[in-house]
file data-v7.txt (compact mmCIF, C-alpha atoms (C1' of nucleotides))
# COMPACT_ATOMS: atom_id res chain seq x y z
CA MET A 1 0.00 0.00 0.00
CA TYR A 2 0.88 3.64 -0.22
CA TRP A 3 0.70 6.22 2.54
CA LEU A 4 1.27 9.81 3.46
CA VAL A 5 2.52 11.01 6.83
CA LYS A 6 2.50 14.60 8.03
CA SER A 7 5.03 16.28 10.20
CA GLU A 8 5.61 19.85 11.19
CA PRO A 9 9.15 20.59 10.05
CA ASP A 10 9.79 22.58 13.22
CA THR A 11 9.18 19.37 15.15
CA PHE A 12 10.64 16.78 12.79
CA SER A 13 11.58 17.54 9.21
CA ILE A 14 12.74 15.37 6.37
CA GLN A 15 16.20 16.82 6.90
CA ASP A 16 16.01 15.53 10.47
CA LEU A 17 15.13 12.10 9.10
CA ALA A 18 18.05 12.31 6.67
CA GLY A 19 20.33 12.91 9.65
CA MET A 20 19.24 9.83 11.62
CA PRO A 21 21.29 6.62 11.67
CA ASP A 22 20.30 4.57 8.61
CA GLN A 23 18.04 7.54 7.79
CA THR A 24 15.47 5.69 9.87
CA GLU A 25 13.25 6.85 12.70
CA HIS A 26 10.20 5.65 14.58
CA TRP A 27 7.05 7.61 13.88
CA ASP A 28 6.09 8.40 17.44
CA GLY A 29 3.59 10.82 18.91
CA VAL A 30 0.55 9.94 16.84
CA ARG A 31 -2.43 10.27 19.17
CA ASN A 32 -5.35 9.74 16.86
CA TYR A 33 -7.15 6.41 16.76
CA GLN A 34 -7.67 6.24 13.02
CA ALA A 35 -4.04 7.02 12.35
CA ARG A 36 -3.00 4.53 15.02
CA ASN A 37 -5.09 1.81 13.43
CA PHE A 38 -3.38 2.37 10.11
CA MET A 39 0.03 2.00 11.72
CA ARG A 40 -0.91 -0.89 13.99
CA ASP A 41 -2.96 -2.91 11.53
CA GLU A 42 -2.30 -1.96 7.95
CA MET A 43 1.13 -0.53 7.27
CA ARG A 44 3.42 -3.24 5.97
CA LYS A 45 7.15 -3.50 5.62
CA GLY A 46 8.07 -2.18 2.20
CA ASP A 47 5.05 0.10 1.87
CA LYS A 48 5.92 3.46 0.36
CA VAL A 49 5.27 6.63 2.30
CA LEU A 50 5.10 10.25 1.20
CA PHE A 51 6.62 12.64 3.72
CA TYR A 52 4.54 15.80 4.04
CA HIS A 53 5.48 19.03 5.78
CA SER A 54 2.48 20.59 7.49
CA ASN A 55 2.01 23.88 9.27
CA THR A 56 4.64 25.53 7.16
CA LYS A 57 4.58 27.79 4.16
CA PRO A 58 3.87 26.35 1.81
CA PRO A 59 2.84 22.91 3.06
CA GLY A 60 3.60 20.01 0.74
CA VAL A 61 5.24 16.69 -0.02
CA VAL A 62 9.00 16.70 0.34
CA GLY A 63 10.13 13.11 0.01
CA VAL A 64 9.56 9.38 -0.22
CA CYS A 65 10.15 6.86 2.54
CA SER A 66 9.45 3.21 3.13
CA VAL A 67 8.17 1.28 6.10
CA VAL A 68 11.03 -0.75 7.59
CA ARG A 69 9.35 -1.94 10.78
CA GLU A 70 5.68 -2.71 11.23
CA GLY A 71 3.48 -1.46 14.05
CA TYR A 72 4.75 -1.73 17.63
CA PRO A 73 3.91 0.12 20.85
CA ASP A 74 4.82 3.80 21.07
CA HIS A 75 6.93 3.96 24.22
CA THR A 76 6.79 7.76 24.42
CA ALA A 77 3.26 7.32 25.79
CA TRP A 78 4.79 5.75 28.93
CA ASP A 79 7.29 8.52 29.58
CA PRO A 80 5.96 11.19 31.98
CA GLU A 81 8.65 13.54 30.67
CA SER A 82 7.45 13.22 27.09
CA THR A 83 5.04 15.67 25.52
CA TYR A 84 3.34 12.56 24.15
CA PHE A 85 2.79 11.02 27.58
CA ASP A 86 -0.56 9.29 28.00
CA PRO A 87 -1.23 7.78 31.44
CA LYS A 88 -3.85 5.51 29.93
CA SER A 89 -1.22 3.65 27.94
CA SER A 90 1.05 1.07 29.57
CA PRO A 91 3.55 -1.56 28.42
CA GLU A 92 1.02 -4.22 29.47
CA ASN A 93 -1.76 -2.57 27.55
CA PRO A 94 -0.33 -0.17 24.98
CA ARG A 95 -2.78 2.29 23.51
CA TRP A 96 -0.55 3.92 20.89
CA PHE A 97 1.52 2.41 18.13
CA MET A 98 4.16 3.49 15.67
CA VAL A 99 6.14 2.20 12.71
CA ASP A 100 9.72 2.83 11.62
CA ILE A 101 10.24 4.63 8.36
CA GLN A 102 13.39 5.04 6.34
CA LEU A 103 14.10 7.87 3.96
CA GLN A 104 14.27 6.78 0.37
CA GLU A 105 14.58 10.00 -1.56
CA VAL A 106 14.12 13.69 -1.11
CA LEU A 107 12.06 14.93 -4.05
CA PRO A 108 14.06 17.06 -6.50
CA GLN A 109 11.08 19.40 -6.59
CA TYR A 110 8.85 20.36 -3.71
CA VAL A 111 5.21 19.38 -4.37
CA SER A 112 3.17 22.06 -2.67
CA LEU A 113 -0.34 21.55 -1.39
CA ASP A 114 -1.47 24.21 -3.81
CA ALA A 115 0.09 22.40 -6.78
CA MET A 116 -1.70 19.22 -5.75
CA LYS A 117 -5.00 21.07 -5.51
CA GLN A 118 -4.45 22.48 -8.99
CA ASN A 119 -3.81 19.03 -10.49
CA PRO A 120 -7.01 17.43 -11.83
CA ALA A 121 -5.34 14.01 -11.63
CA LEU A 122 -5.40 14.30 -7.86
CA GLU A 123 -9.03 15.28 -7.58
CA GLY A 124 -10.68 13.45 -4.70
CA MET A 125 -7.42 12.65 -2.98
CA ARG A 126 -8.00 12.10 0.69
CA LEU A 127 -5.34 14.59 1.69
CA LEU A 128 -7.16 17.31 -0.21
CA GLN A 129 -10.56 16.71 1.28
CA LYS A 130 -11.94 19.48 3.40
CA GLY A 131 -11.39 19.22 7.10
CA ASN A 132 -8.97 16.34 6.85
CA ARG A 133 -6.65 16.31 9.84
CA LEU A 134 -5.33 12.78 9.78
CA SER A 135 -1.57 12.68 10.16
CA VAL A 136 -1.28 9.17 8.69
CA LEU A 137 -3.45 8.37 5.72
CA PRO A 138 -3.60 6.04 2.73
CA VAL A 139 -2.82 7.23 -0.79
CA GLN A 140 -3.90 5.53 -3.98
CA GLU A 141 -1.17 4.16 -6.19
CA ARG A 142 -2.04 6.43 -9.09
CA GLU A 143 -1.97 9.43 -6.74
CA PHE A 144 1.35 8.34 -5.36
CA ARG A 145 2.84 8.01 -8.83
CA GLU A 146 1.45 11.36 -9.90
CA ILE A 147 2.99 13.10 -6.89
CA LEU A 148 6.37 11.49 -7.59
CA ARG A 149 6.11 12.69 -11.17
CA MET A 150 5.30 16.20 -9.99
CA GLY A 151 8.26 15.98 -7.66
CA GLY A 152 10.60 15.15 -10.50
CA LEU A 153 11.06 11.48 -9.70
CA HIS A 154 10.46 8.80 -12.29
CA ILE A 155 10.77 5.47 -10.55
CA SER A 156 8.79 2.48 -11.79
C1' DG B 1 -2.99 34.81 15.14
C1' DC B 2 -7.47 33.27 13.44
C1' DC B 3 -10.74 29.91 13.02
C1' DA B 4 -13.12 25.80 10.63
C1' DA B 5 -13.37 21.21 11.15
C1' DC B 6 -12.79 17.86 13.46
C1' DG B 7 -12.06 14.42 17.85
C1' DT B 8 -12.45 13.66 22.84
C1' DT B 9 -14.33 14.09 27.42
C1' DG B 10 -17.57 13.90 30.88
C1' DG B 11 -22.00 15.26 33.10
C1' DC B 12 -26.49 13.88 32.86
C1' DG C 1 -26.43 7.45 24.55
C1' DC C 2 -26.64 12.48 23.96
C1' DC C 3 -24.36 16.59 23.40
C1' DA C 4 -22.00 20.84 25.19
C1' DA C 5 -17.60 22.19 26.22
C1' DC C 6 -13.12 21.83 25.30
C1' DG C 7 -8.72 20.68 22.84
C1' DT C 8 -6.16 19.97 18.54
C1' DT C 9 -4.89 20.28 13.69
C1' DG C 10 -3.40 22.81 10.10
C1' DG C 11 -4.40 26.02 6.19
C1' DC C 12 -4.56 30.69 5.59
call {"tool": "encode", "arguments": {"input": "data-v7.txt", "output": "structure tokens"}}
result
Amino acid sequence: MYWLVKSEPDTFSIQDLAGMPDQTEHWDGVRNYQARNFMRDEMRKGDKVLFYHSNTKPPGVVGVCSVVREGYPDHTAWDPESTYFDPKSSPENPRWFMVDIQLQEVLPQYVSLDAMKQNPALEGMRLLQKGNRLSVLPVQEREFREILRMGGLHIS
DNA sequence: GCCAACGTTGGC
DNA sequence: GCCAACGTTGGC
């Protein structure tokens, strides 16, 4: 499957991911049940993931990653010092899950939200639907390919 | 900084 | 189970 994950670059940017060992990081801090279910139940090793910068100007897709570890408990929920602490989650009964993603490529060209809205081929894309706030969401293969094309990548 | 569109919480 | 109040997301 294909996915899109959002991150505020001030919090964790694609450059931050590029600087991690193996260019890999766990996708912690997701505290939305729908997004959790995607990570816990549906994201599979090898799935491709678009990396999206939100809350920045302009917002848009900046790179491609892949899932390298499937859903496992988000330990930041157990850490009282963490901003993501949730007392209702425990190691015995974890409430929140995460996956590991590895950077594949930074797009040669930034694909802005506005450019995606302007592209008729992406009409109906979940990301573009009004009021959508999900930080982890599925993307159709044809949408994924179109965004890579817009970003200047031409891989299979 | 504003605010629309959510999602969550908790009293009843 | 309803729904008002509150909190968060994220574009603008």
call {"tool": "residues_around", "arguments": {"input": "data-v7.txt", "residues": "DC12 in chain C", "least_positions_apart": "5", "cutoff": "10 Å", "atoms": "all atoms listed in the file", "output": "list of chain:residue names"}}
result
A:Lys57, B:DC2, B:DC3
call {"tool": "residues_around", "arguments": {"input": "data-v7.txt", "residues": "DA4 in chain B", "least_positions_apart": "3", "cutoff": "12 Å", "atoms": "all atoms listed in the file", "output": "VMD selection string"}}
result
(chain A and resid 130 to 133) or (chain C and resid 9 to 12)
call {"tool": "atom_distance", "arguments": {"input": "data-v7.txt", "atom1": "CA of Met39 in chain A", "atom2": "CA of Lys117 in chain A"}}
result
26.2 Å
call {"tool": "residues_near_point", "arguments": {"input": "data-v7.txt", "point": "(-12.1, 22.1, 25.6)", "cutoff": "9 Å", "atoms": "all atoms listed in the file", "output": "number ranges by chain"}}
result
B: 8-9; C: 5-7
call {"tool": "closest_residue", "arguments": {"input": "data-v7.txt", "among": "A:Gly71, A:Pro58, A:Pro91, A:Pro21", "to": "chain C", "atoms": "only C-alpha atoms (C1' of nucleotides)"}}
result
A:Pro58
call {"tool": "interface_residues", "arguments": {"input": "data-v7.txt", "of": "chain A", "to": "chain C", "cutoff": "12 Å", "atoms": "only C-alpha atoms (C1' of nucleotides)", "output": "NGL selection string"}}
result
:A and (6-8 or 31-32 or 53-60 or 113-114 or 127-128 or 130-135)
call {"tool": "atom_distance", "arguments": {"input": "data-v7.txt", "atom1": "CA of Met150 in chain A", "atom2": "CA of Gln109 in chain A"}}
result
7.4 Å
call {"tool": "atom_distance", "arguments": {"input": "data-v7.txt", "atom1": "CA of Val106 in chain A", "atom2": "CA of Ser82 in chain A"}}
result
29.0 Å
call {"tool": "residues_around", "arguments": {"input": "data-v7.txt", "residues": "Cys65 in chain A", "least_positions_apart": "3", "cutoff": "12 Å", "atoms": "all atoms listed in the file", "output": "short mmCIF file (atom, residue, chain, number, x, y, z; two decimals) with C-alpha atoms, in the frame of the given file"}}
result
data_model
loop_
_atom_site.label_atom_id
_atom_site.label_comp_id
_atom_site.auth_asym_id
_atom_site.auth_seq_id
_atom_site.Cartn_x
_atom_site.Cartn_y
_atom_site.Cartn_z
CA TYR A 2 0.88 3.64 -0.22
CA TRP A 3 0.70 6.22 2.54
CA LEU A 4 1.27 9.81 3.46
CA VAL A 5 2.52 11.01 6.83
CA ILE A 14 12.74 15.37 6.37
CA LEU A 17 15.13 12.10 9.10
CA ALA A 18 18.05 12.31 6.67
CA GLN A 23 18.04 7.54 7.79
CA THR A 24 15.47 5.69 9.87
CA GLU A 25 13.25 6.85 12.70
CA TRP A 27 7.05 7.61 13.88
CA LYS A 45 7.15 -3.50 5.62
CA GLY A 46 8.07 -2.18 2.20
CA ASP A 47 5.05 0.10 1.87
CA LYS A 48 5.92 3.46 0.36
CA VAL A 49 5.27 6.63 2.30
CA LEU A 50 5.10 10.25 1.20
CA PHE A 51 6.62 12.64 3.72
CA TYR A 52 4.54 15.80 4.04
CA VAL A 61 5.24 16.69 -0.02
CA VAL A 62 9.00 16.70 0.34
CA VAL A 68 11.03 -0.75 7.59
CA VAL A 99 6.14 2.20 12.71
CA ASP A 100 9.72 2.83 11.62
CA ILE A 101 10.24 4.63 8.36
CA GLN A 102 13.39 5.04 6.34
CA LEU A 103 14.10 7.87 3.96
CA GLN A 104 14.27 6.78 0.37
CA GLU A 105 14.58 10.00 -1.56
CA VAL A 106 14.12 13.69 -1.11
CA LEU A 107 12.06 14.93 -4.05
CA PHE A 144 1.35 8.34 -5.36
CA LEU A 148 6.37 11.49 -7.59
#
call {"tool": "decode", "arguments": {"input": "data-v7.txt", "residues": "chain B", "atoms": "C-alpha atoms (C1' of nucleotides)", "output": "PDB file, in the first residue's frame"}}
result
ATOM      1  C1'  DG B   1      -2.987  34.813  15.140  1.00  0.00           C
ATOM      2  C1'  DC B   2      -7.466  33.274  13.441  1.00  0.00           C
ATOM      3  C1'  DC B   3     -10.741  29.907  13.015  1.00  0.00           C
ATOM      4  C1'  DA B   4     -13.120  25.805  10.633  1.00  0.00           C
ATOM      5  C1'  DA B   5     -13.370  21.212  11.150  1.00  0.00           C
ATOM      6  C1'  DC B   6     -12.795  17.864  13.464  1.00  0.00           C
ATOM      7  C1'  DG B   7     -12.060  14.420  17.849  1.00  0.00           C
ATOM      8  C1'  DT B   8     -12.452  13.656  22.837  1.00  0.00           C
ATOM      9  C1'  DT B   9     -14.330  14.094  27.421  1.00  0.00           C
ATOM     10  C1'  DG B  10     -17.565  13.903  30.879  1.00  0.00           C
ATOM     11  C1'  DG B  11     -22.003  15.264  33.100  1.00  0.00           C
ATOM     12  C1'  DC B  12     -26.492  13.876  32.862  1.00  0.00           C
TER      13       DC B  12
END
